[in-house]
$ cat upload.csv   # CSV, C-alpha atoms
chain,number,residue,atom,x,y,z
N,18,MET,CA,-45.5,110.9,209.3
N,19,GLU,CA,-44.1,107.5,210.1
N,20,GLU,CA,-41.0,107.3,212.2
N,21,VAL,CA,-37.7,106.6,210.5
N,22,ARG,CA,-36.2,103.2,211.5
N,23,ILE,CA,-32.6,102.1,211.1
N,24,LEU,CA,-32.4,98.6,209.6
N,25,GLU,CA,-29.1,96.8,209.8
N,26,ILE,CA,-28.6,94.9,206.6
N,27,LYS,CA,-24.9,93.8,206.5
N,28,GLN,CA,-25.2,92.1,203.1
N,29,SER,CA,-22.7,91.9,200.4
N,30,ILE,CA,-24.1,93.4,197.2
N,31,PHE,CA,-23.1,90.2,195.5
N,32,ALA,CA,-25.3,88.1,197.8
N,33,ASN,CA,-28.4,88.2,195.5
N,34,ASN,CA,-26.4,87.5,192.4
N,35,ASP,CA,-24.7,84.6,194.1
N,36,ALA,CA,-28.0,83.1,195.1
N,37,GLN,CA,-29.4,83.5,191.6
N,38,ALA,CA,-26.3,81.9,190.1
N,39,GLU,CA,-26.5,78.9,192.4
N,40,ARG,CA,-30.2,78.4,191.5
N,41,LEU,CA,-29.4,78.6,187.8
N,42,ARG,CA,-26.5,76.0,188.2
N,43,ARG,CA,-28.9,73.6,190.0
N,44,GLU,CA,-31.5,73.9,187.2
N,45,LEU,CA,-28.8,73.3,184.5
N,46,LYS,CA,-27.6,70.3,186.4
N,47,GLU,CA,-31.1,68.8,186.4
N,48,LYS,CA,-31.4,69.5,182.6
N,49,GLY,CA,-27.9,68.1,181.9
N,50,ILE,CA,-26.7,71.3,180.3
N,51,TYR,CA,-23.1,72.4,180.9
N,52,LEU,CA,-22.5,76.2,181.0
N,53,LEU,CA,-19.0,77.5,180.5
N,54,ASN,CA,-18.1,81.1,181.2
N,55,LEU,CA,-15.3,82.3,178.9
N,56,MET,CA,-13.6,85.6,179.9
N,57,SER,CA,-10.6,87.6,178.6
N,58,SER,CA,-9.4,91.0,177.5
N,59,PRO,CA,-10.7,92.3,174.2
N,60,GLY,CA,-8.7,90.9,171.3
N,61,SER,CA,-7.2,87.9,173.0
N,62,GLY,CA,-9.0,85.5,170.6
N,63,LYS,CA,-12.2,84.3,172.4
N,64,THR,CA,-14.2,84.0,169.2
N,65,THR,CA,-11.4,82.4,167.1
N,66,THR,CA,-10.8,79.9,170.0
N,67,LEU,CA,-14.5,79.1,170.1
N,68,THR,CA,-14.6,78.5,166.3
N,69,ARG,CA,-11.8,76.0,166.7
N,70,VAL,CA,-13.5,74.3,169.7
N,71,ALA,CA,-16.8,74.1,167.7
N,72,GLU,CA,-15.0,72.4,164.8
N,73,ARG,CA,-13.5,69.8,167.1
N,74,LEU,CA,-16.7,69.1,168.9
N,75,ARG,CA,-18.9,68.9,165.8
N,76,GLY,CA,-20.8,65.6,166.0
N,77,VAL,CA,-19.5,64.9,169.5
N,78,LEU,CA,-21.3,67.5,171.7
N,79,ARG,CA,-24.2,69.7,170.8
N,80,MET,CA,-22.8,73.2,171.4
N,81,GLY,CA,-24.4,76.7,171.6
N,82,VAL,CA,-22.8,80.1,172.2
N,83,MET,CA,-24.1,83.3,173.9
N,84,GLU,CA,-22.1,86.3,172.7
N,85,ALA,CA,-22.1,89.1,175.2
N,86,ASP,CA,-21.0,92.5,174.0
N,87,ILE,CA,-21.7,96.1,174.7
N,88,ASP,CA,-22.8,96.6,171.1
N,89,SER,CA,-22.6,95.0,167.6
N,90,ASP,CA,-23.2,91.4,166.5
N,91,VAL,CA,-20.0,90.7,164.7
N,92,ASP,CA,-19.0,87.8,167.0
N,93,ALA,CA,-22.5,86.2,166.8
N,94,ARG,CA,-22.3,86.4,162.9
N,95,THR,CA,-18.8,84.7,163.0
N,96,MET,CA,-20.1,81.9,165.2
N,97,ALA,CA,-23.3,81.4,163.3
N,98,ALA,CA,-21.2,81.2,160.1
N,99,ALA,CA,-19.3,78.4,161.7
N,100,GLY,CA,-22.6,76.5,162.1
N,101,VAL,CA,-23.0,77.0,165.8
N,102,LYS,CA,-26.4,77.9,167.4
N,103,THR,CA,-25.7,81.4,168.6
N,104,ILE,CA,-27.5,84.3,170.4
N,105,GLN,CA,-26.2,87.8,170.8
N,106,LEU,CA,-26.7,89.5,174.1
N,107,HIS,CA,-26.2,93.3,174.5
N,108,THR,CA,-25.3,94.5,177.9
N,109,GLY,CA,-26.2,98.1,177.1
N,110,GLY,CA,-23.0,99.6,178.3
N,111,MET,CA,-22.6,97.3,181.2
N,112,CYS,CA,-19.1,95.9,181.7
N,113,HIS,CA,-20.1,92.4,182.7
N,114,LEU,CA,-22.9,89.8,182.7
N,115,ASP,CA,-24.6,88.7,185.9
N,116,ALA,CA,-26.7,85.6,186.7
N,117,ALA,CA,-30.0,87.2,185.8
N,118,MET,CA,-28.7,88.3,182.3
N,119,THR,CA,-27.3,84.9,181.8
N,120,ARG,CA,-30.6,83.3,182.5
N,121,GLN,CA,-32.4,85.6,180.1
N,122,GLY,CA,-29.8,84.7,177.4
N,123,LEU,CA,-30.3,81.0,178.0
N,124,GLU,CA,-34.0,81.4,177.6
N,125,GLY,CA,-33.5,83.0,174.2
N,126,LEU,CA,-31.1,80.3,173.1
N,127,GLU,CA,-33.6,77.5,174.0
N,128,PRO,CA,-30.8,75.1,175.2
N,129,ALA,CA,-33.0,72.0,175.6
N,130,SER,CA,-31.3,70.4,172.6
N,131,LEU,CA,-27.8,71.3,173.7
N,132,ASP,CA,-25.1,69.6,175.8
N,133,LEU,CA,-22.8,72.6,176.1
N,134,VAL,CA,-23.4,76.3,176.2
N,135,VAL,CA,-20.5,78.7,176.2
N,136,LEU,CA,-21.0,82.2,177.4
N,137,GLU,CA,-18.5,84.6,175.8
N,138,ASN,CA,-18.4,87.3,178.4
N,139,VAL,CA,-17.6,91.0,177.8
N,140,GLY,CA,-13.9,91.5,177.0
N,141,ASN,CA,-12.6,92.8,180.3
N,142,LEU,CA,-10.3,91.4,183.0
N,143,VAL,CA,-11.8,93.2,186.0
N,144,CYS,CA,-15.6,93.3,186.3
N,145,PRO,CA,-16.7,89.9,184.9
N,146,ALA,CA,-14.6,88.2,187.6
N,147,GLU,CA,-16.8,89.6,190.4
N,148,PHE,CA,-20.1,88.3,189.1
N,149,ASP,CA,-21.0,84.6,189.3
N,150,THR,CA,-22.9,83.9,186.1
N,151,GLY,CA,-24.2,80.4,187.1
N,152,ALA,CA,-21.6,78.7,184.9
N,153,VAL,CA,-20.2,75.3,185.9
N,154,LYS,CA,-16.6,76.4,185.3
N,155,ASN,CA,-14.8,79.6,184.4
N,156,VAL,CA,-12.2,79.7,181.6
N,157,MET,CA,-10.1,82.7,180.7
N,158,ILE,CA,-7.8,83.3,177.7
N,159,LEU,CA,-4.5,85.2,178.1
N,160,SER,CA,-2.8,85.9,174.8
N,161,VAL,CA,1.0,86.2,174.5
N,162,PRO,CA,1.1,89.9,173.4
N,163,GLU,CA,-0.7,90.9,176.6
N,164,GLY,CA,2.3,89.8,178.7
N,165,HIS,CA,3.0,87.1,181.3
N,166,ASP,CA,2.5,89.5,184.2
N,167,LYS,CA,-1.3,89.8,183.9
N,168,PRO,CA,-2.0,87.3,186.7
N,169,LEU,CA,-0.2,89.7,189.1
N,170,LYS,CA,-2.2,92.7,187.8
N,171,TYR,CA,-5.6,91.1,187.6
N,172,PRO,CA,-5.5,88.7,190.6
N,173,LEU,CA,-9.2,88.1,191.0
N,174,MET,CA,-9.7,87.0,187.4
N,175,PHE,CA,-7.0,84.3,187.7
N,176,GLN,CA,-8.3,83.3,191.2
N,177,VAL,CA,-11.8,82.5,189.9
N,178,CYS,CA,-10.7,80.7,186.7
N,179,ASP,CA,-10.5,76.9,186.6
N,180,VAL,CA,-8.7,76.9,183.3
N,181,VAL,CA,-6.3,79.4,181.6
N,182,LEU,CA,-5.7,79.1,177.9
N,183,ILE,CA,-2.5,80.8,176.8
N,184,ASN,CA,-3.3,81.8,173.3
N,185,LYS,CA,-1.2,82.9,170.3
N,186,ILE,CA,1.8,80.8,171.2
N,187,ASP,CA,2.8,80.9,167.5
N,188,VAL,CA,4.1,84.4,168.2
N,189,LEU,CA,6.1,83.5,171.3
N,190,PRO,CA,9.5,84.1,169.5
N,191,TYR,CA,8.6,87.7,168.9
N,192,PHE,CA,7.5,88.7,172.5
N,193,ASP,CA,9.2,88.7,175.9
N,194,PHE,CA,6.6,86.3,177.2
N,195,ASP,CA,7.9,83.9,179.9
N,196,LEU,CA,5.6,80.9,179.9
N,197,GLN,CA,7.2,79.4,183.0
N,198,ALA,CA,6.8,82.7,185.0
N,199,CYS,CA,3.2,83.0,183.8
N,200,THR,CA,2.4,79.5,185.0
N,201,GLU,CA,3.9,80.3,188.4
N,202,TYR,CA,2.0,83.6,188.7
N,203,VAL,CA,-1.3,81.8,187.8
N,204,HIS,CA,-0.7,79.1,190.4
N,205,ARG,CA,0.1,81.7,193.0
N,206,ARG,CA,-3.4,83.1,192.6
N,207,ASN,CA,-5.0,79.6,192.1
N,208,PRO,CA,-3.0,76.5,192.7
N,209,ASN,CA,-5.6,74.3,191.0
N,210,ALA,CA,-5.9,76.2,187.7
N,211,ARG,CA,-5.2,74.1,184.6
N,212,ILE,CA,-3.1,75.8,181.9
N,213,PHE,CA,-3.3,74.9,178.2
N,214,PRO,CA,-1.0,76.7,175.8
N,215,VAL,CA,-2.8,77.0,172.4
N,216,CYS,CA,-2.8,78.7,169.1
N,217,ALA,CA,-6.4,79.3,168.0
N,218,LYS,CA,-5.3,80.4,164.5
N,219,THR,CA,-3.6,77.1,163.7
N,220,GLY,CA,-5.5,74.9,166.1
N,221,GLN,CA,-2.4,73.8,168.0
N,222,GLY,CA,-3.1,72.6,171.5
N,223,ILE,CA,-6.9,73.0,171.1
N,224,GLU,CA,-7.4,69.2,171.3
N,225,ALA,CA,-6.0,69.0,174.9
N,226,PHE,CA,-8.6,71.7,175.9
N,227,THR,CA,-11.5,70.0,174.1
N,228,ASP,CA,-10.6,66.7,175.7
N,229,TRP,CA,-10.8,68.3,179.1
N,230,LEU,CA,-14.1,69.9,178.1
N,231,GLN,CA,-15.6,66.7,176.9
N,232,THR,CA,-14.8,64.9,180.2
N,233,GLU,CA,-16.2,67.9,182.1
N,234,VAL,CA,-19.5,67.7,180.2
N,235,ARG,CA,-19.9,63.9,180.6
N,236,MET,CA,-19.2,64.2,184.3
N,237,TRP,CA,-21.8,67.0,184.7
N,238,LYS,CA,-24.3,64.8,182.9
N,239,GLY,CA,-23.5,61.9,185.2
N,240,GLU,CA,-22.1,59.8,182.4
N,241,SER,CA,-19.2,57.5,182.9
N,242,VAL,CA,-15.9,58.8,181.5
X,96,MET,CA,-19.4,101.4,183.7
X,97,HIS,CA,-18.7,99.2,186.6
X,98,GLU,CA,-20.2,101.4,189.3
X,99,LEU,CA,-23.6,101.6,187.5
X,100,GLY,CA,-23.9,97.8,187.5
X,101,ILE,CA,-23.1,97.8,191.3
X,102,VAL,CA,-25.8,100.5,191.8
X,103,PHE,CA,-28.4,98.3,190.0
X,104,HIS,CA,-27.5,95.5,192.4
X,105,ILE,CA,-27.9,97.7,195.4
X,106,ILE,CA,-31.3,98.9,194.2
X,107,ASP,CA,-32.5,95.3,193.6
X,108,ALA,CA,-31.4,94.4,197.2
X,109,LEU,CA,-33.1,97.4,198.8
X,110,GLU,CA,-36.3,96.8,196.8
X,111,GLU,CA,-36.4,93.3,198.3
X,112,THR,CA,-35.7,94.6,201.8
X,113,ALA,CA,-38.5,97.1,201.4
X,114,ARG,CA,-40.9,94.3,200.3
X,115,GLU,CA,-39.9,92.1,203.3
X,116,ASN,CA,-40.3,94.9,205.8
X,117,ASP,CA,-43.2,96.9,204.4
X,118,LEU,CA,-41.1,100.0,203.8
X,119,THR,CA,-42.4,102.9,201.6
X,120,SER,CA,-39.5,105.2,201.6
X,121,ILE,CA,-35.7,104.8,202.2
X,122,GLU,CA,-34.0,108.0,203.3
X,123,ARG,CA,-30.4,106.9,203.5
X,124,VAL,CA,-28.3,103.8,202.7
X,125,THR,CA,-24.8,103.3,204.1
X,126,ILE,CA,-22.4,101.3,201.9
X,127,GLN,CA,-19.1,99.9,203.2
X,128,LEU,CA,-16.5,100.0,200.5
X,129,GLY,CA,-13.2,98.2,200.7
X,130,GLU,CA,-10.1,100.2,199.7
X,131,VAL,CA,-9.2,97.7,196.9
X,132,SER,CA,-12.8,96.8,195.9
X,133,THR,CA,-12.2,98.4,192.4
X,134,VAL,CA,-15.2,100.6,193.0
X,135,ILE,CA,-14.7,104.4,193.2
X,136,ALA,CA,-16.9,106.0,195.9
X,137,ASP,CA,-17.5,109.3,193.9
X,138,TYR,CA,-18.5,107.4,190.8
X,139,LEU,CA,-20.8,105.2,192.9
X,140,THR,CA,-22.6,108.1,194.4
X,141,ASP,CA,-22.9,109.9,191.0
X,142,CYS,CA,-24.4,106.7,189.5
X,143,TRP,CA,-26.7,106.3,192.5
X,144,ASN,CA,-28.1,109.9,192.3
X,145,TRP,CA,-28.9,109.3,188.6
X,146,ALA,CA,-30.3,105.8,189.0
X,147,VAL,CA,-32.7,106.5,191.9
X,148,LYS,CA,-34.6,109.3,190.2
X,149,ASN,CA,-38.2,108.4,189.4
X,150,LYS,CA,-38.1,105.4,191.9
X,151,PRO,CA,-40.7,106.3,194.5
X,152,LEU,CA,-39.0,104.1,197.2
X,153,LEU,CA,-35.6,105.7,196.7
X,154,GLU,CA,-36.0,109.1,195.1
X,155,ASP,CA,-34.8,111.0,198.2
X,156,CYS,CA,-32.4,108.4,199.3
X,157,LYS,CA,-28.9,109.6,200.1
X,158,MET,CA,-26.0,107.2,199.8
X,159,GLU,CA,-23.2,107.4,202.4
X,160,VAL,CA,-20.0,105.5,201.9
X,161,GLU,CA,-17.7,104.3,204.7
X,162,PRO,CA,-14.3,103.0,203.6
X,163,ILE,CA,-12.9,99.7,204.8
X,164,PRO,CA,-9.1,99.7,205.0
X,165,ALA,CA,-7.2,97.1,202.9
X,166,VAL,CA,-5.1,94.8,205.1
X,167,THR,CA,-2.8,92.0,203.8
X,168,HIS,CA,-1.6,89.1,205.9
X,169,CYS,CA,1.9,87.5,205.4
X,170,GLU,CA,1.9,83.7,205.8
X,171,ALA,CA,5.7,83.7,206.1
X,172,CYS,CA,6.2,86.0,209.1
X,173,GLY,CA,2.6,86.1,210.3
X,174,ARG,CA,2.3,89.9,210.4
X,175,ASP,CA,-0.3,92.2,208.8
X,176,TYR,CA,0.3,95.4,206.8
X,177,GLY,CA,-1.5,98.0,204.7
X,178,THR,CA,-2.2,96.7,201.2
X,179,VAL,CA,-2.3,100.1,199.4
X,180,ALA,CA,1.1,101.2,200.7
X,181,HIS,CA,3.0,97.9,200.2
X,182,GLY,CA,1.1,95.7,197.7
X,183,ARG,CA,1.6,92.0,197.5
X,184,ILE,CA,5.2,91.8,199.0
X,185,CYS,CA,5.5,91.8,202.7
X,186,PRO,CA,7.4,95.0,203.9
X,187,HIS,CA,8.5,93.1,207.1
X,188,CYS,CA,10.1,90.0,205.6
X,189,GLY,CA,10.0,90.4,201.8
X,190,SER,CA,7.8,87.3,201.2
X,191,GLU,CA,5.3,87.0,198.4
X,192,ARG,CA,3.2,84.5,200.3
X,193,THR,CA,0.5,87.0,201.3
X,194,TYR,CA,-3.2,87.2,201.1
X,195,LEU,CA,-5.8,89.9,201.5
X,196,LEU,CA,-7.6,90.0,204.9
X,197,THR,CA,-10.0,92.9,204.3
X,198,GLY,CA,-10.5,95.6,201.7
X,199,SER,CA,-12.3,93.9,198.8
X,200,GLU,CA,-15.8,94.2,200.4
X,201,ILE,CA,-18.8,96.0,198.9
X,202,LEU,CA,-21.4,95.8,201.7
X,203,ILE,CA,-24.8,97.3,202.3
X,204,LYS,CA,-24.4,98.2,206.0
X,205,GLU,CA,-27.7,99.7,207.0
X,206,ILE,CA,-30.6,101.8,205.8
X,207,ALA,CA,-32.8,104.5,207.4
X,208,ALA,CA,-36.4,104.0,206.2
X,209,CYS,CA,-40.0,104.2,207.1

$ encode --input "upload.csv" --output "structure tokens"
Amino acid sequence: MEEVRILEIKQSIFANNDAQAERLRRELKEKGIYLLNLMSSPGSGKTTTLTRVAERLRGVLRMGVMEADIDSDVDARTMAAAGVKTIQLHTGGMCHLDAAMTRQGLEGLEPASLDLVVLENVGNLVCPAEFDTGAVKNVMILSVPEGHDKPLKYPLMFQVCDVVLINKIDVLPYFDFDLQACTEYVHRRNPNARIFPVCAKTGQGIEAFTDWLQTEVRMWKGESV
Amino acid sequence: MHELGIVFHIIDALEETARENDLTSIERVTIQLGEVSTVIADYLTDCWNWAVKNKPLLEDCKMEVEPIPAVTHCEACGRDYGTVAHGRICPHCGSERTYLLTGSEILIKEIAAC
């Protein structure tokens, strides 16, 4: 019988994932593919927003979408119907995507002909924030009915996001949603976060976001902007 | 199920450690868990006990969990306080300019193996 040894490890459980994510980002940079990680609660309008974004970017950027869900392919069907190259990923009950799952999804999507791939993460404000997917930037959608206090309740999500889209602004008159307070709460968690108020249903405000996105993709590809 | 995903990451990390150190059996793993890491220790060990079945390297491996207290620092008055009891607002001076010092960690501290 071998003797039992104590091995000190002192490693964050996120260390492996972080390294895999960094490797994926480097490979995507070499290939000139921009990966965007889109997160939000269920029902905040991720798929509708992406449909609008795809309409605006048609003929401008070659865009693909990876739909991550625990089950079903309703979102992938919606995106495919909008003419976007789409792949559906099933997490098998898991509440988030990690870098290895993202890599697998990308291989299935065959992104060589694409400029921009959007990863629609599992609808959840907690777990996806903890796992780096290898994306260049993180974007989250907060919709008006969810309330302006969400940055206080889910601090990590707002801390890791570069952009916050405040969606469903057409219903602002019917809710006690304080846009100014929300902006302040977001900046308390992340002073550099950009905030775009939008209405995915009517397309209001989407152009400001797609302008930002186009500049991002060009810079990532090393083109002059 | 958040804890199950965490368990799979721990298993991946330990399998790598075992390869690097020529280990054939891990008897115990000690995890350090921050008080506000969003992971529940009981759920984590339940998921662990299920997930390690049929893995020769880990089938008898016990998971021990050591808590790490959550401590918040106040930038306004420079003092520290317990996060769980007082949240984001400093109980000493009432400022909201605070940040978490410790308590969000999920660390693999050590293993006993041969």

$ interface_residues --input "upload.csv" --of "chain X" --to "chain N" --cutoff "12 Å" --atoms "all atoms listed in the file" --output "PyMOL selection string"
chain X and resi 96-113+115-129+131-134+182-184+191-195+199-209

$ residues_around --input "upload.csv" --residues "range 120-129 of chain N" --least-positions-apart "2" --cutoff "8 Å" --atoms "all atoms listed in the file" --output "list in words"
Leu41, Lys48, Ile50, Gly81, Met83, Lys102, Thr103, Ile104, Leu106, Ala116, Ala117, Met118, Leu131, Asp132 and Val134 of chain N

$ atom_distance --input "upload.csv" --atom1 "CA of Glu130 in chain X" --atom2 "CA of Leu196 in chain X"
11.7 Å

$ residues_around --input "upload.csv" --residues "Asn138 in chain N" --least-positions-apart "4" --cutoff "8 Å" --atoms "all atoms listed in the file" --output "list in words"
Asn54, Leu55, Met56, Ser57, Glu84, Ala85, Asp86, His113, Leu114 and Pro145 of chain N

$ residues_around --input "upload.csv" --residues "Ile158 in chain N" --least-positions-apart "6" --cutoff "9 Å" --atoms "only C-alpha atoms" --output "count of residues only"
13

$ atom_distance --input "upload.csv" --atom1 "CA of Leu52 in chain N" --atom2 "CA of Ala152 in chain N"
4.7 Å

$ closest_residue --input "upload.csv" --among "N:Ala71, N:Ala210, N:Leu159, N:Ala225" --to "Ala98 in chain N" --atoms "only C-alpha atoms"
N:Ala71

$ residues_around --input "upload.csv" --residues "Val77 in chain N" --least-positions-apart "6" --cutoff "12 Å" --atoms "all atoms listed in the file" --output "PyMOL selection string"
chain N and resi 70-71+131-133+227-228+230-232+234-235

$ atom_distance --input "upload.csv" --atom1 "CA of His181 in chain X" --atom2 "CA of Tyr171 in chain N"
16.7 Å

$ residues_around --input "upload.csv" --residues "Ala180 in chain X" --least-positions-apart "4" --cutoff "12 Å" --atoms "all atoms listed in the file" --output "NGL selection string"
:X and (130-131 or 164-167 or 176 or 184-186)

$ residues_near_point --input "upload.csv" --point "(6.9, 88.4, 172.5)" --cutoff "10 Å" --atoms "all atoms listed in the file" --output "list in words"
Val161, Pro162, Glu163, Gly164, His165, Ile186, Asp187, Val188, Leu189, Pro190, Tyr191, Phe192, Asp193, Phe194 and Asp195 of chain N

$ closest_residue --input "upload.csv" --among "N:Arg42, N:Gly140, N:Arg75, N:Trp237" --to "Asp88 in chain N" --atoms "all atoms listed in the file"
N:Gly140
